[in-house]
Each structure stands twice: as C-alpha cells, then as structure tokens.
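A.B. asks: I have a structure I would like to understand better, so I am pasting it below and will then ask my questions one at a time.
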Amino acid sequence: TPSRMGGEKLGYQGRKKAKTTNSIFLCDHRGQMLAMGSPKSGDHHDLYQIEGSLKEILSLLSEAEIDHKGLFLNADTGFDSENLRQMLEKEKIIANIKTISGIIKQLRII
C-alpha cells in the first residue's frame, strides 16, 4: 500500500514509484477481517518474515478463541513457498496458493 503520509514501516517500491507498507490480513469467508500481522516495509518481497507474521496472526486468533483449523488461505504466486505450505499444513490450514509452475503452463498454452 502506498504510504504518502509516512509512517514507521516504509520502503521504496520501484514498480509503484512510491514508499509502501505491506500487511498480511486473515479474513473469514465473508471478507470480515479476523486478524492482521504487524506492518512490514514495502521494499521486501511477499514472503519476507512470513513465518513470524503467520505465527503472530494465529496467536491473535487463539487469544480471541477463534479456531483456525480448516480455514483456507488464498494467495497469489508471490506466496508460493514450500516452507509456507509446510507451515500451513502443520497448522491444518488449507493452502490455496497459485503455483509458479501453473503460470508457466498457462504461458505455454498462449
């Protein structure tokens, strides 16, 4: 997200030509936000400190007595990581993450 007014966690992102902040949100099936990880500087990739962010989010859900087992996590190819998939599997969260190989297959068809 571009952060035009400044803030604590800012980083320049060339493709947006702006200082940005990244945040990870976990929502229910209606789009209602359940928990959010702490903001990260926008000059990092999507997987930057993802394990810590996910642990932080799951801790918040646990404190609120919200069960996370069986939830789906939808994410784009920027989150395609074996480590993340293993962590989600361990936590009984279903990973719906577009794979990089799936995109390559689509490009070959076109």
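Order determines the names: the first chain of the structure tokens is A, the second B, and so forth; residues in each chain are numbered 1 upward, and ligands are numbered 1 upward as they are shown.
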Tell me, as a list of chain:residue names, which residues lie within 8 Å of range 62-76 of chain A, counting only C-alpha atoms; anything in the same chain fewer than 5 positions away does not count.
C.D. replies: A:Leu26, A:Glu91, A:Lys92, A:Ile93, A:Ile94, A:Ala95, A:Asn96, A:Ile97, A:Lys98, A:Thr99
A.B. asks: Using only C-alpha atoms, which residues of range 47-106 of chain A come within 7 Å of range 27-37 of chain A, and what is the closest atom pair for each, with the distance in Å to one decimal? Give it as a tab-separated table, sorted by chain and residue number.
C.D. replies:
residue	atom	partner	partner_atom	distance
A:Ser53	CA	A:Gly37	CA	5.1
A:Glu56	CA	A:Gly37	CA	6.1
A:Ile57	CA	A:Gly37	CA	5.5
A:Leu60	CA	A:Ala35	CA	6.5
A:Leu61	CA	A:Ala35	CA	6.7
A.B. asks: Taking the chain letters and numbering used in this document, name the residues of range 35-88 of chain A that DSSP puts in helix (DSSP H, G or I), as a list in words.
C.D. replies: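 After running DSSP on the backbone, range 35-88 of chain A has helix (DSSP H, G or I) at Ile50, Glu51, Gly52, Ser53, Leu54, Lys55, Glu56, Ile57, Leu58, Ser59, Leu60, Leu61, Ser62, Glu63, Thr77, Gly78, Phe79, Glu82, Asn83, Leu84, Arg85, Gln86, Met87 and Leu88 of chain A.
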A.B. asks: Can you work out the spacing between CA of Thr21 in chain A and CA of Met87 in chain A in Å, to one decimal?
C.D. replies: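 A separation of 24.1 Å between them.
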A.B. asks: Show which residues sit within 12 Å of Ile50 in chain A, as a PyMOL selection string. Count only C-alpha atoms, and ignore same-chain residues fewer than 6 positions away.
C.D. replies: chain A and resi 22-25+37-40+44+56-57+78-81+83-85+87-88
